[in-house]
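Structure file query_17.txt (compact mmCIF, C-alpha atoms and all ligand atoms) follows.
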# COMPACT_ATOMS: atom_id res chain seq x y z
CA MET A 1 25.71 -43.69 10.64
CA SER A 2 24.18 -42.50 13.88
CA GLY A 3 23.05 -38.98 14.55
CA ALA A 4 20.09 -36.83 15.39
CA VAL A 5 17.19 -36.88 12.98
CA GLU A 6 16.46 -33.39 11.77
CA PRO A 7 13.02 -32.37 13.02
CA LEU A 8 10.45 -32.12 10.26
CA ASN A 9 9.69 -28.49 11.06
CA CYS A 10 13.30 -27.37 10.73
CA ARG A 11 14.95 -27.77 7.36
CA ALA A 12 18.53 -26.68 6.82
CA GLY A 13 18.30 -24.31 9.76
CA ARG A 14 14.96 -22.81 8.66
CA HIS A 15 11.84 -23.35 10.66
CA VAL A 16 8.70 -24.24 8.79
CA SER A 17 5.48 -22.92 10.39
CA LEU A 18 3.01 -24.47 7.98
CA ILE A 19 3.32 -27.86 6.34
CA LEU A 20 0.71 -29.58 4.19
CA ARG A 21 1.45 -33.25 3.51
CA ASP A 22 -0.30 -35.34 0.88
CA ILE A 23 -3.57 -33.40 1.05
CA TRP A 24 -6.59 -34.96 -0.65
CA TYR A 25 -10.04 -33.42 -0.74
CA ARG A 26 -13.25 -34.12 -2.62
CA TYR A 27 -16.40 -32.03 -2.22
CA PRO A 28 -19.52 -34.08 -1.43
CA ARG A 29 -21.36 -34.96 -4.65
CA SER A 30 -18.29 -34.26 -6.77
CA ASP A 31 -17.14 -37.21 -8.88
CA ARG A 32 -13.40 -36.81 -8.20
CA PRO A 33 -11.05 -35.27 -5.67
CA LEU A 34 -10.26 -31.62 -6.31
CA LEU A 35 -6.98 -31.80 -4.38
CA GLN A 36 -4.87 -34.86 -5.04
CA GLY A 37 -1.81 -35.26 -2.86
CA VAL A 38 -0.89 -31.57 -2.50
CA GLU A 39 2.38 -30.86 -0.66
CA LEU A 40 3.27 -27.38 0.53
CA GLU A 41 5.59 -25.77 3.06
CA VAL A 42 5.74 -22.19 4.26
CA PRO A 43 8.94 -21.41 6.20
CA THR A 44 8.57 -19.21 9.26
CA GLY A 45 8.40 -15.57 8.29
CA ALA A 46 8.23 -16.40 4.58
CA SER A 47 5.41 -15.84 2.10
CA VAL A 48 4.12 -18.25 -0.51
CA ALA A 49 1.66 -17.20 -3.22
CA VAL A 50 -0.58 -19.85 -4.78
CA MET A 51 -1.65 -19.21 -8.34
CA ALA A 52 -3.99 -21.24 -10.56
CA PRO A 53 -6.83 -20.60 -12.98
CA SER A 54 -10.26 -20.06 -11.48
CA GLY A 55 -11.86 -23.22 -10.07
CA VAL A 56 -8.66 -25.25 -9.66
CA GLY A 57 -8.95 -25.16 -5.87
CA LYS A 58 -6.89 -22.29 -4.44
CA SER A 59 -9.56 -21.26 -1.91
CA THR A 60 -10.19 -24.88 -0.98
CA LEU A 61 -6.49 -25.42 -0.35
CA LEU A 62 -6.32 -22.26 1.75
CA SER A 63 -9.43 -23.37 3.68
CA ILE A 64 -7.62 -26.59 4.59
CA ALA A 65 -4.39 -24.78 5.51
CA GLY A 66 -6.47 -22.23 7.44
CA LEU A 67 -8.29 -24.97 9.37
CA LEU A 68 -11.78 -24.27 8.01
CA ILE A 69 -12.03 -27.59 6.14
CA LYS A 70 -10.62 -30.96 7.22
CA PRO A 71 -8.87 -32.84 4.44
CA ASP A 72 -10.07 -36.34 3.51
CA ARG A 73 -6.47 -37.50 3.74
CA GLY A 74 -3.13 -35.96 4.62
CA THR A 75 -1.90 -33.79 7.43
CA VAL A 76 -1.68 -30.11 8.28
CA GLN A 77 1.12 -29.13 10.64
CA ILE A 78 1.31 -25.81 12.42
CA ASP A 79 4.57 -25.04 14.19
CA GLY A 80 5.71 -28.63 13.82
CA LYS A 81 2.60 -30.26 15.32
CA ASP A 82 -0.08 -32.15 13.45
CA VAL A 83 -3.44 -30.39 13.70
CA GLY A 84 -5.82 -32.86 15.32
CA PRO A 85 -9.60 -33.08 14.86
CA LYS A 86 -10.27 -30.83 17.87
CA ASP A 87 -7.43 -28.34 17.41
CA GLY A 88 -9.04 -26.11 14.78
CA LYS A 89 -11.19 -24.10 17.15
CA ARG A 90 -8.28 -23.49 19.53
CA LEU A 91 -5.83 -22.43 16.84
CA LEU A 92 -8.12 -20.46 14.55
CA GLY A 93 -8.05 -16.71 15.07
CA ASP A 94 -5.05 -17.07 17.37
CA ARG A 95 -2.16 -19.10 15.85
CA VAL A 96 -3.83 -19.11 12.43
CA SER A 97 -5.49 -15.96 11.08
CA TRP A 98 -7.28 -14.99 7.90
CA VAL A 99 -7.48 -11.99 5.60
CA LEU A 100 -10.21 -12.20 2.98
CA GLN A 101 -11.20 -10.20 -0.07
CA SER A 102 -14.02 -8.63 2.02
CA VAL A 103 -12.81 -7.37 5.36
CA ASN A 104 -16.14 -7.23 7.22
CA LEU A 105 -15.11 -4.74 9.88
CA LEU A 106 -17.85 -3.77 12.32
CA PRO A 107 -18.90 -0.52 10.66
CA HIS A 108 -19.97 1.39 13.75
CA ARG A 109 -16.94 0.54 15.86
CA THR A 110 -13.60 2.32 15.68
CA VAL A 111 -10.64 0.95 13.77
CA LEU A 112 -8.85 0.27 17.06
CA ASP A 113 -11.87 -1.54 18.54
CA ASN A 114 -12.16 -3.70 15.43
CA THR A 115 -8.47 -4.54 15.52
CA ILE A 116 -8.34 -5.69 19.13
CA LEU A 117 -11.30 -8.10 18.85
CA PRO A 118 -9.34 -11.33 18.13
CA SER A 119 -6.79 -10.71 20.85
CA ARG A 120 -9.51 -9.89 23.41
CA ALA A 121 -11.40 -13.03 22.33
CA HIS A 122 -8.27 -15.06 23.04
CA GLY A 123 -7.82 -13.64 26.52
CA SER A 124 -5.32 -10.77 26.15
CA SER A 125 -5.82 -7.76 28.39
CA LEU A 126 -7.34 -4.58 27.02
CA ASP A 127 -4.11 -2.64 27.55
CA SER A 128 -1.88 -5.13 25.82
CA SER A 129 -4.39 -5.64 22.97
CA ARG A 130 -4.57 -1.90 22.43
CA ALA A 131 -0.79 -1.52 22.50
CA THR A 132 -0.25 -4.28 19.92
CA ALA A 133 -3.11 -3.03 17.72
CA THR A 134 -1.82 0.53 17.82
CA MET A 135 1.67 -0.62 16.84
CA LEU A 136 0.32 -2.68 13.94
CA LEU A 137 -2.05 0.02 12.70
CA THR A 138 0.81 2.51 12.81
CA GLN A 139 3.05 0.12 10.89
CA LEU A 140 0.25 -0.26 8.33
CA GLY A 141 -0.05 3.51 7.89
CA LEU A 142 -3.29 3.96 9.85
CA SER A 143 -2.08 5.82 12.93
CA HIS A 144 -4.33 8.75 11.98
CA ARG A 145 -7.37 6.43 11.77
CA LEU A 146 -7.32 4.72 15.18
CA THR A 147 -10.48 6.41 16.41
CA SER A 148 -12.26 6.62 13.05
CA LEU A 149 -15.39 4.54 12.62
CA ALA A 150 -14.65 1.61 10.33
CA ARG A 151 -17.43 2.63 7.95
CA THR A 152 -15.52 5.81 7.07
CA LEU A 153 -12.43 3.97 5.75
CA SER A 154 -11.53 3.69 2.08
CA GLY A 155 -11.24 0.20 0.57
CA GLY A 156 -7.46 0.14 0.92
CA GLU A 157 -7.58 1.47 4.48
CA ALA A 158 -10.21 -1.11 5.44
CA GLN A 159 -8.08 -3.88 4.00
CA ARG A 160 -5.02 -2.67 5.93
CA ALA A 161 -7.14 -2.57 9.11
CA GLY A 162 -8.16 -6.17 8.32
CA VAL A 163 -4.49 -7.09 8.12
CA ALA A 164 -3.86 -5.47 11.52
CA ARG A 165 -6.84 -7.37 12.98
CA ALA A 166 -5.46 -10.63 11.58
CA LEU A 167 -1.98 -10.01 12.99
CA VAL A 168 -2.97 -8.72 16.43
CA THR A 169 -2.60 -12.17 18.03
CA SER A 170 0.89 -12.56 16.49
CA PRO A 171 -0.22 -15.69 14.62
CA SER A 172 2.22 -18.26 13.27
CA VAL A 173 0.30 -18.45 10.01
CA LEU A 174 -1.65 -15.86 8.04
CA ILE A 175 -3.93 -17.10 5.28
CA ALA A 176 -4.78 -14.41 2.74
CA ASP A 177 -7.36 -15.36 0.10
CA GLU A 178 -7.38 -12.79 -2.71
CA PRO A 179 -6.75 -9.97 -0.22
CA THR A 180 -6.41 -7.34 -2.92
CA ALA A 181 -9.04 -8.54 -5.41
CA ASN A 182 -11.44 -5.66 -4.73
CA LEU A 183 -8.84 -2.92 -5.03
CA ASP A 184 -7.46 -0.89 -7.91
CA ARG A 185 -3.94 -1.72 -9.06
CA ASP A 186 -2.03 0.91 -7.09
CA THR A 187 -4.01 0.30 -3.91
CA ALA A 188 -3.61 -3.47 -4.35
CA GLN A 189 0.15 -3.08 -4.55
CA GLU A 190 0.18 -0.78 -1.52
CA VAL A 191 -1.94 -3.20 0.56
CA ALA A 192 0.13 -6.24 -0.46
CA THR A 193 3.34 -4.39 0.43
CA ALA A 194 1.90 -3.40 3.80
CA LEU A 195 0.66 -6.94 4.49
CA LEU A 196 3.96 -8.62 3.66
CA SER A 197 5.96 -6.10 5.64
CA ALA A 198 3.70 -6.19 8.73
CA ALA A 199 3.71 -10.01 8.67
CA GLN A 200 7.48 -10.30 8.89
CA ASN A 201 7.44 -12.91 11.67
CA THR A 202 4.40 -14.73 10.35
CA SER A 203 4.23 -17.33 7.58
CA VAL A 204 1.92 -16.06 4.86
CA LEU A 205 -0.01 -18.28 2.44
CA LEU A 206 -1.64 -16.09 -0.18
CA ALA A 207 -3.93 -16.93 -3.10
CA THR A 208 -4.17 -14.48 -5.95
CA HIS A 209 -5.02 -14.23 -9.63
CA ASP A 210 -2.74 -11.24 -10.00
CA PRO A 211 0.86 -12.02 -11.10
CA MET A 212 2.00 -8.60 -9.81
CA ILE A 213 0.84 -9.50 -6.29
CA ALA A 214 2.11 -13.10 -6.51
CA GLU A 215 5.58 -11.93 -7.46
CA MET A 216 5.79 -9.88 -4.27
CA ALA A 217 5.79 -13.12 -2.24
CA ASP A 218 9.03 -14.98 -1.53
CA THR A 219 7.84 -18.01 -3.49
CA VAL A 220 5.14 -18.56 -6.11
CA VAL A 221 3.63 -22.02 -6.50
CA HIS A 222 1.23 -23.11 -9.24
CA LEU A 223 -1.58 -25.44 -8.26
CA ALA A 224 -2.20 -27.98 -11.00
CA PRO A 225 -5.77 -28.94 -12.01
CA ALA A 226 -6.98 -32.25 -10.61
CA ARG A 227 -6.43 -35.27 -12.84
CA GLY A 228 -9.51 -37.12 -14.07
CA ASP A 229 -9.96 -40.86 -13.52
N1 LIG B 301 -18.82 -25.89 -0.93
C1 LIG B 301 -18.59 -26.44 -2.13
N2 LIG B 301 -19.29 -27.52 -2.53
C2 LIG B 301 -19.07 -28.09 -3.73
N3 LIG B 301 -18.14 -27.66 -4.61
C3 LIG B 301 -17.42 -26.58 -4.26
C4 LIG B 301 -17.60 -25.92 -3.02
N4 LIG B 301 -16.74 -24.87 -2.96
C5 LIG B 301 -16.05 -24.89 -4.11
N5 LIG B 301 -16.46 -25.91 -4.89
C6 LIG B 301 -15.94 -26.25 -6.20
O1 LIG B 301 -14.57 -26.59 -6.08
C7 LIG B 301 -13.85 -26.05 -7.19
C8 LIG B 301 -12.71 -25.20 -6.69
O2 LIG B 301 -13.20 -24.07 -5.99
P1 LIG B 301 -12.21 -23.03 -5.32
O3 LIG B 301 -13.05 -21.89 -4.87
O4 LIG B 301 -11.37 -23.72 -4.33
O5 LIG B 301 -11.31 -22.63 -6.58
P2 LIG B 301 -10.41 -21.35 -6.80
O6 LIG B 301 -9.20 -21.82 -7.55
O7 LIG B 301 -10.17 -20.64 -5.52
O8 LIG B 301 -11.33 -20.47 -7.74
P3 LIG B 301 -11.42 -18.87 -7.87
O9 LIG B 301 -10.10 -18.43 -8.37
O10 LIG B 301 -12.51 -18.69 -8.88
O11 LIG B 301 -11.78 -18.34 -6.51
C9 LIG B 301 -14.85 -25.30 -8.06
O12 LIG B 301 -15.26 -26.15 -9.11
C10 LIG B 301 -15.98 -25.04 -7.11
O13 LIG B 301 -17.21 -25.00 -7.80
What does the file become when written as structure tokens?
Ligand SMILES: Nc1ncnc2c1ncn2[C@@H]1O[C@H](COP(=O)(O)OP(=O)(O)OP(=O)(O)O)[C@@H](O)[C@H]1O
Amino acid sequence: MSGAVEPLNCRAGRHVSLILRDIWYRYPRSDRPLLQGVELEVPTGASVAVMAPSGVGKSTLLSIAGLLIKPDRGTVQIDGKDVGPKDGKRLLGDRVSWVLQSVNLLPHRTVLDNTILPSRAHGSSLDSSRATATMLLTQLGLSHRLTSLARTLSGGEAQRAGVARALVTSPSVLIADEPTANLDRDTAQEVATALLSAAQNTSVLLATHDPMIAEMADTVVHLAPARGD
């Protein structure tokens, strides 16, 4: 039968922004690969939570998906294109953004100034960066904090500002490694809700120990421990 081959990044009418294919990774000096043929897809605008016991490799997997580590084998695709050896620097902080457990805002700069940094670094004008940042900060419940110094924010507010900073370039993919681990339960839930709602057009790959947070994602996947030899 003849016919068009369905593109890999579009399954059953759904676009897939992040694809990991047959990912293998072994840390130097380790006796066996930590990741052994991992496959993962995050459809555009969807969220996937990765759960596993401590040490199984969630952060390592996210570091590969988030272009910080190159896999020994396998491919990472962003928006349907394989990420090549020299693409990481170009994509990181623009098409692919991160939210970490520690936000690391510049303490003596305002919330708005912190938020616009990635978009300014990737060439957007000051006006358009400010407009996007203001919209995101408002959506994340921080409209009253735009001109506050970052050091005056509470933990939950700082984390929400970190989410705004990560989304200001309208990335295709947001990698969130334990984004709520330092927060109390209520604040964690509030931040996760804000993150998932602000990232509506972005594919989110989230690692968490917390089943309550994982269940807020569209899909929960469990990373299996590496097999021994
Ligand atoms: N830079 C490194 N060099 C060598 N081994 C490492 C390195 N980083 C992590 N590891 C090891 O790889 C394994 C997986 O670590 P990773 O941080 O990916 O797991 P995790 O599932 O995210 O754990 P946690 O939930 O505790 O954060 C651990 O045994 C860890 O010690």
Residues within 6 Å of ligand LIG 301 (chain B) should be enumerated using all atoms listed in the file and returned as number ranges by chain.
-> A: 27, 54-60
Just the residues within 10 Å of region 75-78 of chain A, please, counting all atoms listed in the file, with nothing from its chain fewer than 3 positions along; format it as a ChimeraX atom specification.
-> /A:8-9,16-24,39-42,64-67,70-72,81-84,91,95-96,172-173
Leaving out Gln139 (chain A) and any residue of its chain fewer than 3 positions from it, which residues lie within 10 Å of it when counting all atoms listed in the file, given as a ChimeraX atom specification?
-> /A:133-136,142-143,160,164,194-195,197-198
Neighbour residues at most 8 Å from (-10.6, 4.0, 15.8) (all atoms listed in the file) as a list of chain:residue names | A:Arg109, A:Thr110, A:Val111, A:Leu112, A:Asp113, A:Asn114, A:Arg145, A:Leu146, A:Thr147, A:Ser148, A:Leu149, A:Ala150
First collect every listed atom of region 194-210 of chain A; then fit an axis-aligned box around them, widen it by 3 Å on each side, and give centre and edge lengths in Å to one decimal, as lines of an AutoDock Vina configuration file.
center_x = 1.2
center_y = -10.8
center_z = 0.8
size_x = 18.5
size_y = 20.9
size_z = 27.7
Using all atoms listed in the file, find the one residue out of A:Thr169, A:Thr208, A:Thr187, A:Ser30 that sits nearest to Gly123 (chain A).
->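 So, comparing all the options, the nearest one is A:Thr169.
Counting all atoms listed in the file, the residue from A:Ala49, A:Val191, A:Ala224, A:Ile69 that sits nearest to Asp210 (chain A) is A:Ala49.
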Distance in Å - CA of Leu196 (chain A) versus CA of Leu126 (chain A) = 26.3 Å
With a distance cut-off of 12 Å and all atoms listed in the file, select the neighbouring residues of Asn104 (chain A), excluding the residue or stretch itself and same-chain residues fewer than 5 positions from it, and output the selection as a ChimeraX atom specification.
-> /A:98-99,109,111,114-115,150-151,153,155,158-159,161-163,165
Write to file, as a PDB file, in the frame of the given file, the residues of the selection just made, with C-alpha atoms.
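Below is the file that was written, out_1.pdb:
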ATOM      1  CA  TRP A  98      -7.280 -14.990   7.900  1.00  0.00           C
ATOM      2  CA  VAL A  99      -7.480 -11.990   5.600  1.00  0.00           C
ATOM      3  CA  ARG A 109     -16.940   0.540  15.860  1.00  0.00           C
ATOM      4  CA  VAL A 111     -10.640   0.950  13.770  1.00  0.00           C
ATOM      5  CA  ASN A 114     -12.160  -3.700  15.430  1.00  0.00           C
ATOM      6  CA  THR A 115      -8.470  -4.540  15.520  1.00  0.00           C
ATOM      7  CA  ALA A 150     -14.650   1.610  10.330  1.00  0.00           C
ATOM      8  CA  ARG A 151     -17.430   2.630   7.950  1.00  0.00           C
ATOM      9  CA  LEU A 153     -12.430   3.970   5.750  1.00  0.00           C
ATOM     10  CA  GLY A 155     -11.240   0.200   0.570  1.00  0.00           C
ATOM     11  CA  ALA A 158     -10.210  -1.110   5.440  1.00  0.00           C
ATOM     12  CA  GLN A 159      -8.080  -3.880   4.000  1.00  0.00           C
ATOM     13  CA  ALA A 161      -7.140  -2.570   9.110  1.00  0.00           C
ATOM     14  CA  GLY A 162      -8.160  -6.170   8.320  1.00  0.00           C
ATOM     15  CA  VAL A 163      -4.490  -7.090   8.120  1.00  0.00           C
ATOM     16  CA  ARG A 165      -6.840  -7.370  12.980  1.00  0.00           C
TER      17      ARG A 165
END
Using only C-alpha atoms: which of A:Leu137, A:Leu174, A:Ala207, A:Met216 has the shortest distance to Met51 (chain A) | A:Ala207
Rank nothing, just name the residue among A:Ala166, A:Ser97, A:His15, A:Thr193 nearest to Ala46 (chain A), using all atoms listed in the file.
->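 Looking at the shortest contact to Ala46 (chain A), the residue is A:His15.
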Residue with smallest distance to Leu106 (chain A) - pool A:Pro33, A:Pro211, A:Thr152, A:Lys89, counting all atoms listed in the file = A:Thr152
Have a look at A:Ala188, A:Ala121, A:Val220, A:Val48 and name the one nearest to Ile175 (chain A); count all atoms listed in the file.
->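 Looking only at the distances to Ile175 (chain A), the closest residue turns out to be A:Val48.
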What is the distance, in Å and to one decimal place, between CA of Glu178 (chain A) and CA of Pro85 (chain A)?
->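 One can read the CA of Glu178 (chain A) to CA of Pro85 (chain A) distance as 26.9 Å.
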Interatomic distance, CA of Ala176 (chain A) to CA of Leu100 (chain A) (Å, one decimal) |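 According to the coordinates, CA of Ala176 (chain A) and CA of Leu100 (chain A) are separated by 5.9 Å.
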